[in-house]
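A.B. asks: Mind looking over this structure? Questions follow.
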Amino acid sequence: MRRIRIVLMGLLVLAGGAPLGAAPAPLDALLAEFRGQAPPVTRSASAQRAAYAQVVAALVARMRAADAGQRQDAARALEAISFHAGRPGAEPERAALCRAMLAHLGARTPLETRLTLLTQLERIGRGECVALVAALLQDRAPRVRERALRVLQANRSPAAGAALRQALAQAKTPALQVALANALGYRREPASVTALAKLLRSREPAVAAAAASALGTIGGSRAAAFLATIRVLPAAQPAVDDARARCAAALPDAAAETVYQALAAHAGRPRARALGLTGLVRLRSPKALAVLLDCLQSNDRSLVQVAAQACASITDPALTNRVLALYPKLDVPTQVAVLAALADRGDAAALPVAVQALESGDPAVAAAALEAVGTLGGAGAVLPLARVAATGAWADRQAARDALTRLRGAEVEAALLETAAQGPPNVRAALMTVLADRTMTAAVPLLLQAAEGDDVGVAVEALKALGRLGGAPELPALAKRLLTAPDEAVREAAQEALVAVASRAGNPDQCLEPLFAGLATAPEDGRCVALAVLAQVGGRRALAELTAATRSPIPAVKRAAVAALAESWEDGAPLDVLWNLARADAEETGLRVRALRGCLRLLARETEARPAMVVARLAEALAIAGRPEEKKLALSVLRDCRVPAAVTLAAGCLDDPTLAEEAAEAVLYLAAPRKKGEQVQPAVVCPETLAAVAKVRQLRGETLPAEWSATDVGDTALPGSTAYANGTFTLKASGWDVWGRADGFHFVAQLLSGDGTIVARVGHLTETNEWAKAGVMIRDTPEADSAHAFVCVTPKNGLCFQRRRQAGADSVSAALEGKVAAPYWVKLTRVGDRFTAYASADGQTWQPVGEDTIPMGKDVLVGLAVSSHDNTRLAEASMDQVQVTR
Amino acid sequence: MSKEAPITRRRFLKGVAAAAAAPCLVGRAAWGQVAPPSDRITVGCIGVGGMGSGHLGGLLARGQVQVVAVCDVDTERREAARNAVDQRYASDRGSGTYRGCAAYNDFRELLARDDIDAVLIATPDHWHALIAIAAAAAGKDIYCEKPLSLTIAEGRAMVNAVRRYGRVFQTGSQQRSDGNFRLACELVRSGRIGKVQTVHVAVGGPSGECHLPAEPVPPGLDWDLWLGPAPWRPFNRLLHPANWRAYRDYSGGGMTDWGAHHFDIAQWGLGMDESGPGEVLPPDGKERPLLTYRYANGVRMYHGGGPEVFANREGNGILFTGTEGKVEVNRSFFRTWPEAIAREPLGPDDVHLYRTRGHNVDDWLECIRTRRRPVCDVEIGHRSVTVCHLGNLAYWLNRPIRWDPKREQVVGDPEANRWVDRPMRAPWCLT
């Protein structure tokens, strides 16, 4: 087997060209093996060393190649081999590779190659590297010296540390001393402590600081002792303080506490004091509190911050009162931070001060106090929070209500009920909402009582809360309040509550029983409101009651009944009642109008189910309506009746100048397909449609080709328009932009069913903004947030392929390389869900801009889109050579 | 105690309106005797290139902030930033003159100023740790762009320094301030998808060694300071102003760039903010097509996954798969399977995660005042980017990496463990 393999390899060498040097094995096989891409071959130790020497020599030779790509490939191959040789359990390979690399580190090897070799030695070198690499610390090339230092620094052999200490002993320049001190610190060898301690006394601050930092990294009690006792230059003192704190982090607690206390005692060094304080806090030292209180009164803002935040961490129960004693003397930002910390600490002893701080003239303190009171909670927080909820600034009221909603515990609930029953009226009113927010059903009796009370504000809020919490048992009380309350605001609140509760409670006839019972004897105002409730809740008896009331001899009651049916009733049941009232023979104009509008509202719900009936009624409505307003309303209902009769009826109104505009809209709406949700409603196609559309175009003086229609989409402040002449579309458009989650632009489009392509040449586009846009678009729906694909030209930002991949998602864009501008050609194709954008300078050679998958319905809109990107102005764009192919 | 309803556009818009109306915890109150002349938080911006200049614009628009200094090693960017600040404040004043913003080449000069409360760091990644640690030692609060660090040891040192000096630190992984990402994690952590089995995280790949040729340093660029702790090498235009992310000496590549967003959300959803995976396995082209993380609790997390895994069409995001459902989220996509998972509001006993008011930067500013830990505190940023660093390591070395998240050491592989910390070019040194 082995012999076959060797023969095969020999053949490979012959086939692959001359081997490098007198290679005992083919290089590529070795490369693959040493990179871990081929199974390892068993060799003797010397053969393994020879193999690595061969590979490294070959790669080093390749690193001299004239071609940069070849040089890089060689360096990458060496890296891969080095990573593989460094794997666990491959020590002989690692050592063999390192020895092979060391052989090429001499000055005759090109600089880049030496650096590459040293980079690998930094990653896998051990003891075998030390002597040779240490000599390179004196190399003439600075980059080699730098790399050699890194190799020793990262080398795990103790010999490397010894070499670095020896180099430090001989180092003359401060820069080298700093570098060596850093390297020794990195290695974390206790053996370096003495040498580094000596450097602490350096007259160069940078050297002393580096030595201190290194000692801090190495740590241990000896390093700590040197750092504590050796006096350094003032400029190096911060480094010593820092190093002491880092040392202390690894010392036993008692020793660490001594260090931290010493640091905290340096009155003139706020950063040192911060180190001391955070250290004592970390240790949970009983000494921390005194230091904290001291630091809290410092003039150094940063130190005061540290002290304030430490308040949250110190568990000493004495803290709250000691800090609170200082509290009045603290400045505003410190008060804010202290309140936050005390709240996090959760000591209820802080509550009185937090409550007091609610009254602070400073909004920042008041806001922090509000949060603290909410967090510290308890029954004691109820009244103060309720006061803020009643009288605070708007935002504070919200926050106070939220806090009251979050408070937990039975005693809190009791306090809430007590305050809601006996507090000042504005506080009671505010608490009603809170009771509902907390879904405190136990509060219902209290709420009923409050709803009956004389204070209008309290009663209104109580009724609102009952609307949320109440059930069927509360209906009689609500009905009574509604029928008899003298105050309009109370009646309205009762109305809302009753409707809400009845809607939840189920059977409307039963729910409304208390109202039916009281209706006859109720005062007129109450009766009128009750009728509105009947219409909102619905049900058989309610309809009968309301129908009867439309015949009431009392004008106010009659009006209320008609209004209730016309404005609130949910289904078509009262249509005939209203229709009779709307006819011209009814006696009162106002009532007729109201009834007619009610009819139109109810008819609008039937357009899909019974379009023929609706059109017939609308024809009659147009005849009986006295005012153009109702006729226009009828036309707006008409356009949803997608039957030919609707077109005829709308076309018949085109000659009435007061209705021409709405009639034209209705005709065009009916003549075009409409997307409604996922469904597409087809255009109403019949001879009447074509005639009607032609008439509209004629009336409007429009020349747009028949298949196109123009519309504004989304947020457009100024109405857009499209003109067409001699093959050129001229669009005028406002619109904030086509971007983000919803668009604003002008769109002239036609329906595309399935796959297709649109091409256009954007002739010009006025620069209303550098991001104004004109181009071709395929769009799922005419909604502002529709999914779409859009290839557009901008005045200043070149050509982009923008799209929104699903309704309401954020837009994404890809730009064409180079900043092209109009005139420029754009093209967009749709194949299934795949959209591809192209651009062209001449309409001949097309360059892809991007492609994307965007799920849309089968029927989509395809056309030209323009946005001014400035809703105060109209951008004008011309586009020609427009072609839609299917 | 928030009630979460399914995400609809209307709800989103309502949410925006509610956020705008939410109380600002601290108004323009007087700071008192230890205050600088103004009542605003004074900020210095270190690194004002792509992200940095974006942040600068955001800070200038916030009334509670005063940007007093900018710093960049590129003169052109530095001066552009300074002019932007001066012009903005001049126009705010209504007078054409404002010369209040200082511009520094060297961040140490900016940090030496006692009148600066906080810094925003948006340099290339290899500078984050040194500047952040120096800023903490100077008593500044810190907003640091993601990814937090270049190495795991840097991240740990940053955490330690921030704690040692008691500073407020926000990592720029701002997806934690986004409602969709939070909701996704809340659903996962509340058990709505059952027991989590797998997570797919689709982000870019690792960086590599730089072999770019030497080019002349452009005028106005302090190249030595740009390199800082990285090994010295000659300038090349593909390193600055862009593209440095492709190279190991400065960045972990797409893996850390987007990973610091999406792995961050994965960690949040898994509740691993103080821990991490126990093992990382590189793809083997056979039964393991994707880089795979194993957590001690049995969850497997995959790097990547194409259209056969993700429903979103960008092929970017996080997909949590549990025994009873799935949640997928990215910046423009949110979906659950079954859909009902997201329809039912979270109750009081469900997991409610940190909810920021506004952007990550707003959360940071609020925490500077309250001295609380922000939504993406330094430890979180560190743990999230550690996941990315470990993934890179498995890719680079092409072998499984066993990780001890408590000791933050690679187990049983000394040469792999060297990547946890890397030497810095003197005089720079991690402390």
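A note on labels: chains of the structure tokens are A, B, ... as shown, every chain counts residues from 1, and ligands are counted from 1 in their shown order.
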Write out as a CSV table (one decimal) with N, CA, C and O atoms, in the first residue's frame all residues of segment 544-655 of chain A that DSSP puts in helix (DSSP H, G or I) for this structure's backbone.

C.D. replies:
```
chain,number,residue,atom,x,y,z
A,544,ALA,N,-88.0,48.3,18.2
A,544,ALA,CA,-89.4,48.6,18.3
A,544,ALA,C,-89.6,49.9,19.1
A,544,ALA,O,-90.4,50.8,18.7
A,545,GLU,N,-88.9,50.0,20.1
A,545,GLU,CA,-89.0,51.2,21.0
A,545,GLU,C,-88.6,52.5,20.2
A,545,GLU,O,-89.3,53.5,20.2
A,546,LEU,N,-87.5,52.3,19.4
A,546,LEU,CA,-87.0,53.5,18.7
A,546,LEU,C,-88.0,53.8,17.5
A,546,LEU,O,-88.3,55.0,17.3
A,547,THR,N,-88.5,52.8,16.9
A,547,THR,CA,-89.5,53.0,15.8
A,547,THR,C,-90.7,53.8,16.3
A,547,THR,O,-91.2,54.7,15.7
A,548,ALA,N,-91.2,53.3,17.5
A,548,ALA,CA,-92.3,54.0,18.1
A,548,ALA,C,-91.9,55.5,18.4
A,548,ALA,O,-92.7,56.4,18.2
A,549,ALA,N,-90.7,55.7,18.9
A,549,ALA,CA,-90.3,57.0,19.3
A,549,ALA,C,-90.2,57.9,18.1
A,549,ALA,O,-90.3,59.2,18.2
A,555,PRO,N,-91.2,66.7,20.0
A,555,PRO,CA,-90.2,66.9,18.9
A,555,PRO,C,-88.8,66.4,19.3
A,555,PRO,O,-88.2,65.8,18.5
A,556,ALA,N,-88.4,66.7,20.5
A,556,ALA,CA,-87.0,66.4,20.9
A,556,ALA,C,-86.9,64.9,20.9
A,556,ALA,O,-85.8,64.3,20.5
A,557,VAL,N,-87.9,64.2,21.4
A,557,VAL,CA,-87.8,62.7,21.5
A,557,VAL,C,-87.8,62.1,20.1
A,557,VAL,O,-87.0,61.2,19.7
A,558,LYS,N,-88.6,62.7,19.2
A,558,LYS,CA,-88.7,62.2,17.8
A,558,LYS,C,-87.3,62.4,17.2
A,558,LYS,O,-86.7,61.5,16.5
A,559,ARG,N,-86.7,63.6,17.3
A,559,ARG,CA,-85.4,63.9,16.7
A,559,ARG,C,-84.4,62.9,17.3
A,559,ARG,O,-83.5,62.4,16.5
A,560,ALA,N,-84.4,62.7,18.6
A,560,ALA,CA,-83.4,61.8,19.2
A,560,ALA,C,-83.5,60.4,18.6
A,560,ALA,O,-82.5,59.7,18.3
A,561,ALA,N,-84.8,59.9,18.4
A,561,ALA,CA,-85.0,58.6,17.9
A,561,ALA,C,-84.5,58.5,16.4
A,561,ALA,O,-83.8,57.5,16.1
A,562,VAL,N,-84.8,59.5,15.6
A,562,VAL,CA,-84.3,59.5,14.2
A,562,VAL,C,-82.8,59.5,14.2
A,562,VAL,O,-82.1,58.8,13.5
A,563,ALA,N,-82.2,60.4,15.0
A,563,ALA,CA,-80.8,60.5,15.0
A,563,ALA,C,-80.1,59.2,15.5
A,563,ALA,O,-79.1,58.8,14.9
A,564,ALA,N,-80.7,58.6,16.5
A,564,ALA,CA,-80.1,57.3,17.0
A,564,ALA,C,-80.1,56.3,15.9
A,564,ALA,O,-79.1,55.6,15.7
A,565,LEU,N,-81.3,56.1,15.2
A,565,LEU,CA,-81.3,55.1,14.2
A,565,LEU,C,-80.4,55.5,13.0
A,565,LEU,O,-79.7,54.6,12.4
A,566,ALA,N,-80.4,56.8,12.6
A,566,ALA,CA,-79.7,57.2,11.5
A,566,ALA,C,-78.2,57.1,11.7
A,566,ALA,O,-77.4,56.8,10.8
A,567,GLU,N,-77.8,57.3,12.9
A,567,GLU,CA,-76.3,57.4,13.1
A,567,GLU,C,-75.7,56.2,13.8
A,567,GLU,O,-74.5,56.0,13.7
A,568,SER,N,-76.5,55.4,14.5
A,568,SER,CA,-75.9,54.4,15.4
A,568,SER,C,-76.3,53.0,15.0
A,568,SER,O,-75.6,52.0,15.4
A,575,LEU,N,-84.1,50.5,7.8
A,575,LEU,CA,-84.0,51.2,6.5
A,575,LEU,C,-85.4,51.8,6.1
A,575,LEU,O,-85.5,52.9,5.8
A,576,ASP,N,-86.4,50.9,6.2
A,576,ASP,CA,-87.8,51.4,5.8
A,576,ASP,C,-88.3,52.5,6.6
A,576,ASP,O,-88.9,53.4,6.1
A,577,VAL,N,-88.1,52.4,7.9
A,577,VAL,CA,-88.6,53.4,8.8
A,577,VAL,C,-88.0,54.7,8.4
A,577,VAL,O,-88.6,55.8,8.3
A,578,LEU,N,-86.6,54.7,8.2
A,578,LEU,CA,-85.9,55.9,7.9
A,578,LEU,C,-86.3,56.4,6.5
A,578,LEU,O,-86.5,57.6,6.2
A,579,TRP,N,-86.5,55.5,5.6
A,579,TRP,CA,-86.8,55.8,4.2
A,579,TRP,C,-88.2,56.6,4.2
A,579,TRP,O,-88.3,57.6,3.5
A,580,ASN,N,-89.1,56.1,4.9
A,580,ASN,CA,-90.4,56.8,5.0
A,580,ASN,C,-90.2,58.3,5.5
A,580,ASN,O,-90.9,59.2,5.0
A,581,LEU,N,-89.4,58.4,6.5
A,581,LEU,CA,-89.2,59.7,7.1
A,581,LEU,C,-88.4,60.6,6.1
A,581,LEU,O,-88.6,61.8,6.1
A,582,ALA,N,-87.6,60.0,5.2
A,582,ALA,CA,-86.8,60.8,4.3
A,582,ALA,C,-87.6,61.3,3.1
A,582,ALA,O,-87.2,62.2,2.4
A,589,THR,N,-87.7,69.5,7.5
A,589,THR,CA,-86.6,69.4,6.7
A,589,THR,C,-85.4,68.7,7.4
A,589,THR,O,-84.8,67.8,6.9
A,590,GLY,N,-85.1,69.2,8.5
A,590,GLY,CA,-83.9,68.7,9.3
A,590,GLY,C,-84.0,67.2,9.5
A,590,GLY,O,-83.1,66.5,9.4
A,591,LEU,N,-85.2,66.8,9.8
A,591,LEU,CA,-85.5,65.4,10.1
A,591,LEU,C,-85.3,64.6,8.8
A,591,LEU,O,-84.8,63.5,8.8
A,592,ARG,N,-85.8,65.1,7.7
A,592,ARG,CA,-85.7,64.4,6.4
A,592,ARG,C,-84.3,64.2,6.1
A,592,ARG,O,-83.9,63.1,5.7
A,593,VAL,N,-83.5,65.3,6.2
A,593,VAL,CA,-82.1,65.2,5.8
A,593,VAL,C,-81.4,64.1,6.7
A,593,VAL,O,-80.7,63.3,6.2
A,594,ARG,N,-81.7,64.2,8.0
A,594,ARG,CA,-81.1,63.2,8.9
A,594,ARG,C,-81.4,61.8,8.5
A,594,ARG,O,-80.6,60.9,8.5
A,595,ALA,N,-82.7,61.6,8.2
A,595,ALA,CA,-83.2,60.3,7.9
A,595,ALA,C,-82.6,59.8,6.6
A,595,ALA,O,-82.1,58.6,6.5
A,596,LEU,N,-82.5,60.7,5.6
A,596,LEU,CA,-81.9,60.3,4.4
A,596,LEU,C,-80.4,59.9,4.5
A,596,LEU,O,-79.9,58.9,4.0
A,597,ARG,N,-79.7,60.7,5.3
A,597,ARG,CA,-78.3,60.4,5.5
A,597,ARG,C,-78.2,59.0,6.2
A,597,ARG,O,-77.3,58.3,6.0
A,598,GLY,N,-79.1,58.8,7.1
A,598,GLY,CA,-79.1,57.5,7.8
A,598,GLY,C,-79.3,56.4,6.8
A,598,GLY,O,-78.7,55.3,6.8
A,599,CYS,N,-80.3,56.6,5.9
A,599,CYS,CA,-80.5,55.6,4.8
A,599,CYS,C,-79.3,55.4,4.0
A,599,CYS,O,-78.9,54.2,3.7
A,600,LEU,N,-78.6,56.4,3.6
A,600,LEU,CA,-77.4,56.3,2.8
A,600,LEU,C,-76.3,55.5,3.6
A,600,LEU,O,-75.6,54.7,3.0
A,601,ARG,N,-76.2,55.8,4.9
A,601,ARG,CA,-75.2,55.1,5.7
A,601,ARG,C,-75.5,53.6,5.7
A,601,ARG,O,-74.7,52.7,5.6
A,602,LEU,N,-76.8,53.3,5.9
A,602,LEU,CA,-77.2,51.9,5.9
A,602,LEU,C,-77.1,51.2,4.6
A,602,LEU,O,-76.7,50.0,4.5
A,603,LEU,N,-77.4,51.9,3.5
A,603,LEU,CA,-77.3,51.4,2.2
A,603,LEU,C,-75.8,51.1,1.8
A,603,LEU,O,-75.5,50.1,1.1
A,604,ALA,N,-74.9,51.9,2.3
A,604,ALA,CA,-73.5,51.7,2.0
A,604,ALA,C,-73.0,50.3,2.5
A,604,ALA,O,-72.1,49.8,2.0
A,611,PRO,N,-76.4,44.9,-4.5
A,611,PRO,CA,-76.1,46.2,-5.3
A,611,PRO,C,-77.3,46.7,-6.1
A,611,PRO,O,-77.5,47.9,-6.1
A,612,ALA,N,-78.1,45.8,-6.7
A,612,ALA,CA,-79.2,46.3,-7.5
A,612,ALA,C,-80.2,47.1,-6.7
A,612,ALA,O,-80.6,48.2,-7.0
A,613,MET,N,-80.5,46.5,-5.5
A,613,MET,CA,-81.4,47.2,-4.6
A,613,MET,C,-80.9,48.5,-4.2
A,613,MET,O,-81.6,49.5,-4.2
A,614,VAL,N,-79.6,48.6,-3.9
A,614,VAL,CA,-79.0,49.8,-3.4
A,614,VAL,C,-79.0,50.9,-4.5
A,614,VAL,O,-79.4,52.0,-4.3
A,615,VAL,N,-78.7,50.5,-5.8
A,615,VAL,CA,-78.7,51.4,-6.9
A,615,VAL,C,-80.2,52.0,-7.0
A,615,VAL,O,-80.3,53.2,-7.2
A,616,ALA,N,-81.1,51.1,-6.9
A,616,ALA,CA,-82.5,51.6,-7.1
A,616,ALA,C,-82.8,52.6,-6.0
A,616,ALA,O,-83.4,53.7,-6.3
A,617,ARG,N,-82.5,52.3,-4.8
A,617,ARG,CA,-82.7,53.3,-3.7
A,617,ARG,C,-81.9,54.6,-3.9
A,617,ARG,O,-82.4,55.6,-3.6
A,618,LEU,N,-80.7,54.4,-4.3
A,618,LEU,CA,-79.9,55.6,-4.5
A,618,LEU,C,-80.5,56.5,-5.6
A,618,LEU,O,-80.5,57.7,-5.5
A,619,ALA,N,-81.1,55.9,-6.7
A,619,ALA,CA,-81.7,56.7,-7.7
A,619,ALA,C,-82.8,57.5,-7.1
A,619,ALA,O,-83.0,58.7,-7.4
A,620,GLU,N,-83.6,56.8,-6.2
A,620,GLU,CA,-84.7,57.5,-5.5
A,620,GLU,C,-84.1,58.6,-4.6
A,620,GLU,O,-84.7,59.7,-4.6
A,621,ALA,N,-83.0,58.3,-3.9
A,621,ALA,CA,-82.4,59.2,-3.0
A,621,ALA,C,-82.0,60.5,-3.8
A,621,ALA,O,-82.2,61.6,-3.3
A,622,LEU,N,-81.4,60.3,-4.9
A,622,LEU,CA,-81.0,61.4,-5.7
A,622,LEU,C,-82.2,62.3,-6.1
A,622,LEU,O,-82.1,63.5,-6.2
A,623,ALA,N,-83.3,61.6,-6.3
A,623,ALA,CA,-84.5,62.4,-6.7
A,623,ALA,C,-85.1,63.1,-5.5
A,623,ALA,O,-85.5,64.3,-5.7
A,624,ILE,N,-85.1,62.5,-4.4
A,624,ILE,CA,-85.8,63.2,-3.2
A,624,ILE,C,-84.9,64.1,-2.5
A,624,ILE,O,-85.3,65.0,-1.7
A,628,PRO,N,-77.4,69.3,-2.5
A,628,PRO,CA,-76.3,68.6,-3.2
A,628,PRO,C,-75.5,67.7,-2.2
A,628,PRO,O,-75.0,66.7,-2.6
A,629,GLU,N,-75.4,68.1,-0.9
A,629,GLU,CA,-74.6,67.4,0.0
A,629,GLU,C,-75.1,65.9,0.1
A,629,GLU,O,-74.2,65.0,0.0
A,630,GLU,N,-76.4,65.7,0.1
A,630,GLU,CA,-76.9,64.3,0.2
A,630,GLU,C,-76.7,63.6,-1.1
A,630,GLU,O,-76.5,62.4,-1.2
A,631,LYS,N,-76.9,64.4,-2.2
A,631,LYS,CA,-76.7,63.8,-3.5
A,631,LYS,C,-75.3,63.3,-3.7
A,631,LYS,O,-75.0,62.2,-4.2
A,632,LYS,N,-74.3,64.1,-3.3
A,632,LYS,CA,-72.9,63.7,-3.3
A,632,LYS,C,-72.7,62.4,-2.5
A,632,LYS,O,-71.9,61.5,-2.9
A,633,LEU,N,-73.3,62.5,-1.3
A,633,LEU,CA,-73.1,61.3,-0.5
A,633,LEU,C,-73.7,60.0,-1.2
A,633,LEU,O,-73.1,59.0,-1.1
A,634,ALA,N,-74.8,60.2,-1.9
A,634,ALA,CA,-75.4,59.1,-2.6
A,634,ALA,C,-74.4,58.6,-3.7
A,634,ALA,O,-74.2,57.4,-3.9
A,635,LEU,N,-73.8,59.5,-4.4
A,635,LEU,CA,-72.8,59.1,-5.4
A,635,LEU,C,-71.6,58.4,-4.8
A,635,LEU,O,-71.1,57.5,-5.4
A,636,SER,N,-71.2,58.8,-3.6
A,636,SER,CA,-70.1,58.1,-3.0
A,636,SER,C,-70.4,56.7,-2.6
A,636,SER,O,-69.6,55.8,-2.5
A,637,VAL,N,-71.7,56.5,-2.3
A,637,VAL,CA,-72.2,55.1,-2.0
A,637,VAL,C,-72.3,54.3,-3.3
A,637,VAL,O,-71.9,53.2,-3.4
A,638,LEU,N,-72.7,55.0,-4.3
A,638,LEU,CA,-73.0,54.4,-5.6
A,638,LEU,C,-71.7,53.7,-6.2
A,638,LEU,O,-71.8,52.7,-6.8
A,644,PRO,N,-73.6,47.5,-13.8
A,644,PRO,CA,-73.8,48.5,-14.8
A,644,PRO,C,-74.8,49.6,-14.5
A,644,PRO,O,-74.6,50.8,-14.9
A,645,ALA,N,-75.9,49.2,-13.8
A,645,ALA,CA,-76.9,50.3,-13.5
A,645,ALA,C,-76.2,51.4,-12.7
A,645,ALA,O,-76.7,52.6,-12.8
A,646,ALA,N,-75.2,51.1,-11.9
A,646,ALA,CA,-74.5,52.2,-11.1
A,646,ALA,C,-73.8,53.2,-12.1
A,646,ALA,O,-73.9,54.4,-11.9
A,647,VAL,N,-73.2,52.6,-13.2
A,647,VAL,CA,-72.6,53.5,-14.1
A,647,VAL,C,-73.6,54.4,-14.8
A,647,VAL,O,-73.4,55.6,-14.9
A,648,THR,N,-74.7,53.8,-15.1
A,648,THR,CA,-75.7,54.6,-15.8
A,648,THR,C,-76.2,55.7,-14.9
A,648,THR,O,-76.3,56.9,-15.4
A,649,LEU,N,-76.4,55.3,-13.7
A,649,LEU,CA,-77.0,56.4,-12.7
A,649,LEU,C,-75.9,57.5,-12.5
A,649,LEU,O,-76.3,58.7,-12.6
A,650,ALA,N,-74.7,57.1,-12.4
A,650,ALA,CA,-73.6,58.1,-12.2
A,650,ALA,C,-73.5,59.0,-13.4
A,650,ALA,O,-73.4,60.2,-13.4
A,651,ALA,N,-73.5,58.3,-14.6
A,651,ALA,CA,-73.3,59.1,-15.9
A,651,ALA,C,-74.5,60.1,-16.0
A,651,ALA,O,-74.3,61.2,-16.5
A,652,GLY,N,-75.6,59.7,-15.5
A,652,GLY,CA,-76.8,60.6,-15.6
A,652,GLY,C,-76.6,61.9,-14.8
A,652,GLY,O,-77.2,62.9,-15.1
```

A.B. asks: Residues at most 12 Å from segment 287-302 of chain B, counting only C-alpha atoms, excluding those fewer than 3 positions away in the same chain, as number ranges by chain?

C.D. replies: B: 195-203, 205-206, 255, 259, 262-263, 266-267, 269-272, 275-284, 305-306, 309, 317-323, 387-388, 390-396, 398-406

A.B. asks: Using C-alpha atoms, can you write the selected residues to a file as a short mmCIF file (atom, residue, chain, number, x, y, z; two decimals), in the first residue's frame?

C.D. replies:
```cif
data_model
loop_
_atom_site.label_atom_id
_atom_site.label_comp_id
_atom_site.auth_asym_id
_atom_site.auth_seq_id
_atom_site.Cartn_x
_atom_site.Cartn_y
_atom_site.Cartn_z
CA LYS B 195 -38.05 24.98 25.44
CA VAL B 196 -35.52 26.61 23.14
CA GLN B 197 -33.77 24.07 20.93
CA THR B 198 -31.82 26.05 18.36
CA VAL B 199 -31.02 29.61 17.37
CA HIS B 200 -29.98 30.63 13.88
CA VAL B 201 -28.07 33.89 13.59
CA ALA B 202 -27.37 35.20 10.11
CA VAL B 203 -24.51 37.73 9.98
CA GLY B 205 -18.10 36.13 8.22
CA PRO B 206 -14.71 36.52 9.91
CA MET B 255 -18.91 38.31 12.36
CA GLY B 259 -22.76 39.74 15.20
CA HIS B 262 -27.72 39.70 16.19
CA PHE B 263 -25.71 37.42 18.49
CA ALA B 266 -29.61 35.73 20.65
CA GLN B 267 -27.81 36.02 24.01
CA GLY B 269 -33.25 35.74 24.20
CA LEU B 270 -31.33 32.90 25.78
CA GLY B 271 -30.75 34.83 29.03
CA MET B 272 -26.99 34.43 28.67
CA SER B 275 -22.35 33.77 30.38
CA GLY B 276 -21.91 32.24 26.95
CA PRO B 277 -21.53 29.06 24.96
CA GLY B 278 -19.39 26.15 26.15
CA GLU B 279 -18.23 24.97 22.77
CA VAL B 280 -17.86 26.24 19.23
CA LEU B 281 -17.53 23.85 16.31
CA PRO B 282 -16.48 25.02 12.87
CA PRO B 283 -18.41 23.79 9.83
CA ASP B 284 -17.02 20.52 8.52
CA GLY B 305 -28.70 29.53 7.40
CA GLY B 306 -30.18 30.42 4.06
CA VAL B 309 -34.10 28.44 7.40
CA GLY B 317 -31.59 38.08 11.49
CA ILE B 318 -32.25 35.76 14.39
CA LEU B 319 -34.52 32.70 14.42
CA PHE B 320 -35.34 31.06 17.77
CA THR B 321 -36.77 27.57 17.46
CA GLY B 322 -38.36 25.89 20.45
CA THR B 323 -40.32 22.75 21.14
CA VAL B 387 -19.64 34.90 21.16
CA CYS B 388 -18.52 36.51 17.90
CA LEU B 390 -15.14 32.62 19.63
CA GLY B 391 -16.85 32.00 16.31
CA ASN B 392 -14.00 33.73 14.51
CA LEU B 393 -11.49 31.67 16.43
CA ALA B 394 -13.16 28.41 15.41
CA TYR B 395 -13.26 29.58 11.80
CA TRP B 396 -9.62 30.71 11.83
CA ASN B 398 -10.67 25.37 11.90
CA ARG B 399 -11.06 23.25 15.01
CA PRO B 400 -13.53 22.97 17.88
CA ILE B 401 -13.02 25.45 20.69
CA ARG B 402 -14.08 24.56 24.20
CA TRP B 403 -14.85 27.64 26.26
CA ASP B 404 -15.17 28.19 29.98
CA PRO B 405 -17.52 31.18 30.20
CA LYS B 406 -16.83 31.62 33.89
#
```

A.B. asks: Show me which bits of chain A are within 7 Å of chain B, counting only C-alpha atoms, as a PyMOL selection string.

C.D. replies: chain A and resi 72+83-84+86-88+123-124+143+150+153-154+178-179+182+213+217+271+274-275+278-279+299-302+306+309+331-333+336-337+340+362-364+367-368+395-396+808-810

A.B. asks: Residues at most 10 Å from segment 514-522 of chain A, counting only C-alpha atoms, excluding those fewer than 4 positions away in the same chain, as number ranges by chain?

C.D. replies: A: 475-480, 482-484, 498, 509-510, 526-528, 530-531, 533-534, 541-542, 545

A.B. asks: For a quick check of understanding, using only C-alpha atoms, which of A:Glu452, A:Asp347, A:Asp785, A:Glu413 has the smallest distance to Thr439 of chain A?

C.D. replies: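 Using only C-alpha atoms, Thr439 of chain A sits closest to A:Glu413.
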